[in-house]
Structure formats: structure tokens, C-alpha cells
Amino acid sequence: MKRMFWMLVPALLVASAASSDPLPPDATYRPLPTAPLDAVIKSDQGAKPQVLQRQKTLLAQRYDLSDRPVPGVKMSGGRKNVQGGVRVKLPSGVTWDQLADMTPDEIKQKNLFPAGFLRLPHVKQSAGGQVFPQEEIDEIMSTEKRDLRRFDVDFDLPPLFTPEFPAPIFLQSRPDLGDVSQGKLVTIRNFYALFVGIITPVQMEGLRLLLTPQPQEEFNQTEDRKVLEQSDGVACLDCHQNFHTNAAFHLTPDIRPQAARFRLDSTSLRGMFNQQIHGSKRSLRSIEDFSEFEQRTAYFNGDHVSATRKGTFLPDRPNQVAMMAQMQNMIAFPPAPKLRPDGTLDPAKASPQELAGEKVFVGKGKCSGCHMPQHDFLDHQMHDLMTERFHKIGTVVSDQVVLPDGPIKTFTLRGIKDSPPYLHDGRLLTLDDTVEFFNLVLGLKLTSDEKQSLVAYMLAL
Amino acid sequence: MIDRNSLLAAAICALISTAALAANPDPAKADGASANPTFANPDTPGLMEGKPAPDVANTSDVIFLKQLAIGGRAEVELGKLAADRSQVAGIDQFGQHMVKDHGEANSKLASLARGAKVELPKDLDAEHAAVRQDLQSLNGKDFDLRYVESQVKDHQKAVQLLIYEIGSGQHVGVRQFAADTLPKVMEHLERAKELHSELTGAAPPKGPAAP
């Protein structure tokens, strides 16, 4: 007996050595709350002014937030100005041209990568979750009496840099009609009257599902929520307002731990019929896959365990998923009267500056390598811009760690003036910012004229 | 008996100091307001006054302190071995860096743990003791490879632990320590990965860059 015990000892030691210090489970899974909801509310509300002020300070450090619209240009509904000019602030003592002449390594060593080109943190990274702009909150409250306000954070970007609200809706099935939104936000209360006679029964049911609130991580009926009263949840089109976007943001569901997750700006659903990959890291191959599984990812941070506890909606694949997908595939880009069927500018309609911009776009600017004009400016690929060549990694800003983002999918540029802020996390506020960003990151060395012509070209898309 | 006026004055002082704090929170610094109290214990001091007291450790802080201490201690011990035994300049140097950087970090960690009343483990854990035993029996390239492999793994874990603490911790000093330490540990990880691919030949050979 004694001998057997001693024979077992080495085996026990080996077994314990293999897993002596794994990471704690809440590095991957959402833990159950330990504090009662009233204590959390009191604490979160008490901390809120400081949390909001910190984000305000960060935005003011990084960007020029003044109202400087592009003269004579409106978003596609004709109601909102398009903001212009480079808004990312330069580090002191350098110009954009001087930066463009430096090697990535030099910029990294001298710590000169503009802070506005880095990841944009969530207002409260430690809590994360979906945050809606005020106009969406107000409209949903007045039409549905549903509360999208969080008690711990508010939306951060000034309304100057968000899309037109409500956004116009164009149907690829009825291009003759133009904007069918009647200037309204489509909700579960008005969708039928707006769309009967225009879409099919299957599409109508898809639309109803896309507008039906479902429990979500911060908006649900359990004590683990960030809304004061028990909530019915959120609907797909609460973020993708009128099948476009209202710049509502959350954290990517696809990364752990919490401080490593990057912010996600809601994408537009326009032109869905031609988008082949979906999700920030998952590269899902169809909008059907995305519509089905988003109930456990965008809604619950990729945590199916939490989703099950709070009540997840699992649409059935042959019916509900197909209908939701079909409705999304009906949404067209806004009209671009200067573009020809092959995606090139019509020289009879475009200005010399726009035509010059197109030349840069397909040539020196290397833009068309990914944004292929003949394919609605998409290539259905994810690309890694490797911005970490320009900056140190591992620094912490507002509780978010500056890490390499890895590959991100190409976004379309059709109707791009309607979609600020730009990049997957919304770190760039204007199209001029995107030009400076890619000029540096791709080492393009564009002249000032070339940069301006590129912006003029993108405004015409 | 405390008079009403002094209570009022104290309340005003408290308000002013909160307002002064709120006026300029620095995005580069950890602060108690930005921690997530949902997962804090209900008896966390200060929780009901708006935010957790800054010097209270939650469960994540405790796990972090203990686990990082285990790794930190191992880095120093294994680093000494590498500095003694390796014939490869890069690895010898890396070992010396580990002894220095982690030695410094370990003393900071120890003082933070004392302040937060967390008892740190005193000995090497079984996993690292096994690595040390392995290394003591190896020489030359076998030693180098085993050491560098352990360093890649340990630094991956350290990076994850630090990021975990930044997102889930509550103790302001501990979170700030994690934020201050992370860039250095990421450099170590980067270097360990480089050494690994140099040793194994997985990296493309180094040639002159084009002019």
C-alpha cells in the first residue's frame, strides 16, 4: 500500500505541473455580477462624470472638433453637412510632409505617430458594450417608449461627425423610387405602413425581425445590465438605423481579455447584396451566417453562456434568417450620378479635380488595390495595415491597450461621405483624415493637390 | 457633538476635491472611476459613494498579483541560469535583462501586494520548478532552445495577465503598475520570439536591406 502511494507521487506532480497557473476564467467568460444592481447603479452614476470627462479630454487631445463643413456638399438625404479638413492633430514640431518622409521605424523611435491614428478607446473600456447616440435614444424613447440610455456612459463623438439621422433608404429592388424613408426613423411602430406595397411578404417579415428588440448584454431583464429599468433589449436597426448607421459603437466580440478589445463603429448595411464577408474578425461568409449568429456575438460579446442566461433569440435558419438576410440584401447605395456602370467617373459630369482624384485612386494612391471601383469598391478580403510599424505596443490609453489590430475587412467607399467616422473603430473623423492616414501608412508621399483631389473624388462616390 | 457648520464645510471640501478630480482625468492614468463595479463585491469600501476606494483590491487584483509574482520570480531564477550557461550572446544578454527588469518589477509588486494585504507565493510553482530542473540538465543548443521556449510561453502569459488586470482590476496602484509594466513585457515577448526563430532557423536569414 505504502509502495503504491510513492509510485503515484511522480504522476501527481507531473499532472499538477501541466496546469499550475492558468489564466482566470473571467479573462474569457463574463463573470456573474457580485454586487447588487442598486449598488452598481449608484457607483456607476457617481463615476460617470469623471468617465465622460476623461473621454472628452482624450478627444480634445487627439482631434480638432470644430464645425468646418465642406462647402456645397451634403449627405445623401440633403440634410446634414459633411465635415472637412484634417482633424487629427499632429505631434508638436512636425508637419504631415515631414512625417511622410520618415521611415516607420524613425516615427516609432521618436514617438511621432499621431495619437488620432491609434485605436480609439471605448468611453468605458472596462465595461464596454453598446452605446447609442442621443438622437437614436430620443427617437426610440418617443416612438417605442424603450430606453436606450445607459446609466454608466454616454455617447462620445460630437453629432457633427456622425451620419445623417434618420438616414435615407434606397432599395435596389426599386431604384425608381429614391429615398423611401419619408424622413422617418423606421421602427417596429411604423415599418408596415412605410413598406406595404413596396416590399414582398418575406421581406416584410425580415424587416419586422430586424426591428424587434431582443435581450442584449447591457439591455436586458437581469441584474447584469446598464439600463435603469428591465429592458426588452435592442433591435438590429437600433445601431444600423434605417439600414445605414448612427455611429453607435461597441467592443469587438472576437477578442479577449477586455482591455485588448478594440472599439467597433457600426457599419452601414447599404450594398449588402455585394458584401461577401462579415464581422470584425470572423470573416463570416454570408449575411445569413451573420444575421443568425450576431445574437450571440454583437448582442453578447461572443459569450454564448451569458446569452443563454439573459435570453437569446435564435432565429431559425430556413425561415427567419433567410428573411432577415433577404431584406438586408434589398438595400442599395445612395445614387452617385457621376459614376458609370463600371465604377469609373463620367468625364462629361465629373470635375477636373474629381477626375484627377480618380487617377490618384487607381495609381499612386494604391487605393484601388483593395477598393476595386468595378466591384463597388470592395475586394472581399481582410488586410493587415500593420500600423504597429509606426508605434510602440503595450501602452495603455483610457484602460485600452494599444495592440496591433491585425487584418480588418475592406469597407466599401460607395456613399462614403454619409458614413463618418471612418475606419473600423471610427478613429478618423473626416475623409481628409483617411487620406493622411493612408498616405503615411502605405508610404505614398502624395502632394497636397493629390490629397485634395482624392477627397473630392471620394465625395463623388 | 459635531457642529453642522463643520460637517457642511467637510461636505463642500469633499465636493470640491471630487470636482477637481473630475475636471482633468488623464487618459494615460488608471483611475478608480473607470473600473467596472458590476463584478465587485457588495461590501467593497467606497462603492456606494460613487466609486470603489482606490486602494481596495478585488478578486482580479489578487489573482493577478499572485500569478504575476510566480512568473516574475521564475524569470529571475531562469534568467540567472541563462546568463550563466548560454554561449549565445543574445540569450545570455536576454537572461541578464530578465534578472534586472523582473527583479525591479518584483520588488514593486511585493510592495503593492503588502499595501493591498495580499500574500504572495514564496516558492517557485511546480511548472517552473520542472522547467528549472530540465534546464539544469541541459547544455548548448538544447539548453538555449528550452530556455527560449519557456520565455516565449511565460511572456505570453505575463502579457495576458497584465492586460487582464488593466481591464478587470480595481486597485488603482495595481492597475497603474500593470499599465506601466506592459510595454516592457511586450518588448521581452517580441525579443523572445525573435530569439526562438533565430535559434530554430524559422526566421528568414538576415541580409542587407535594399538602399
# chains A, B, ... in the order shown; residues from 1 in each chain; ligands from 1
$ interface_residues --of "chain B" --to "chain A" --cutoff "6 Å" --atoms "only C-alpha atoms" --output "JSON, numbers by chain"
{"B": [22, 25, 27, 28, 33, 35, 36, 37, 38, 39, 40, 41, 42, 47, 48, 50, 51, 126, 127, 163, 164, 167, 179, 182, 183]}
$ residues_around --residues "Ile107 (chain A)" --least-positions-apart "5" --cutoff "12 Å" --atoms "only C-alpha atoms" --output "PyMOL selection string"
chain A and resi 91+94+96+98-102+112-114+387-392+440-441
$ select_by_dssp --residues "region 74-286 of chain A" --states "alpha helix (DSSP H)" --output "MDAnalysis selection string"
chainID A and resid 96:101 104:109 134:144 191:195 201:211 236:239
$ closest_residue --among "B:Lys117, B:Pro54, B:Phe143, B:Leu161" --to "Asp92 (chain B)" --atoms "only C-alpha atoms"
B:Phe143
$ residues_around --residues "Val88 (chain B)" --least-positions-apart "5" --cutoff "10 Å" --atoms "only C-alpha atoms" --output "ChimeraX atom specification"
/B:82-83,93-94,140-141,144,199
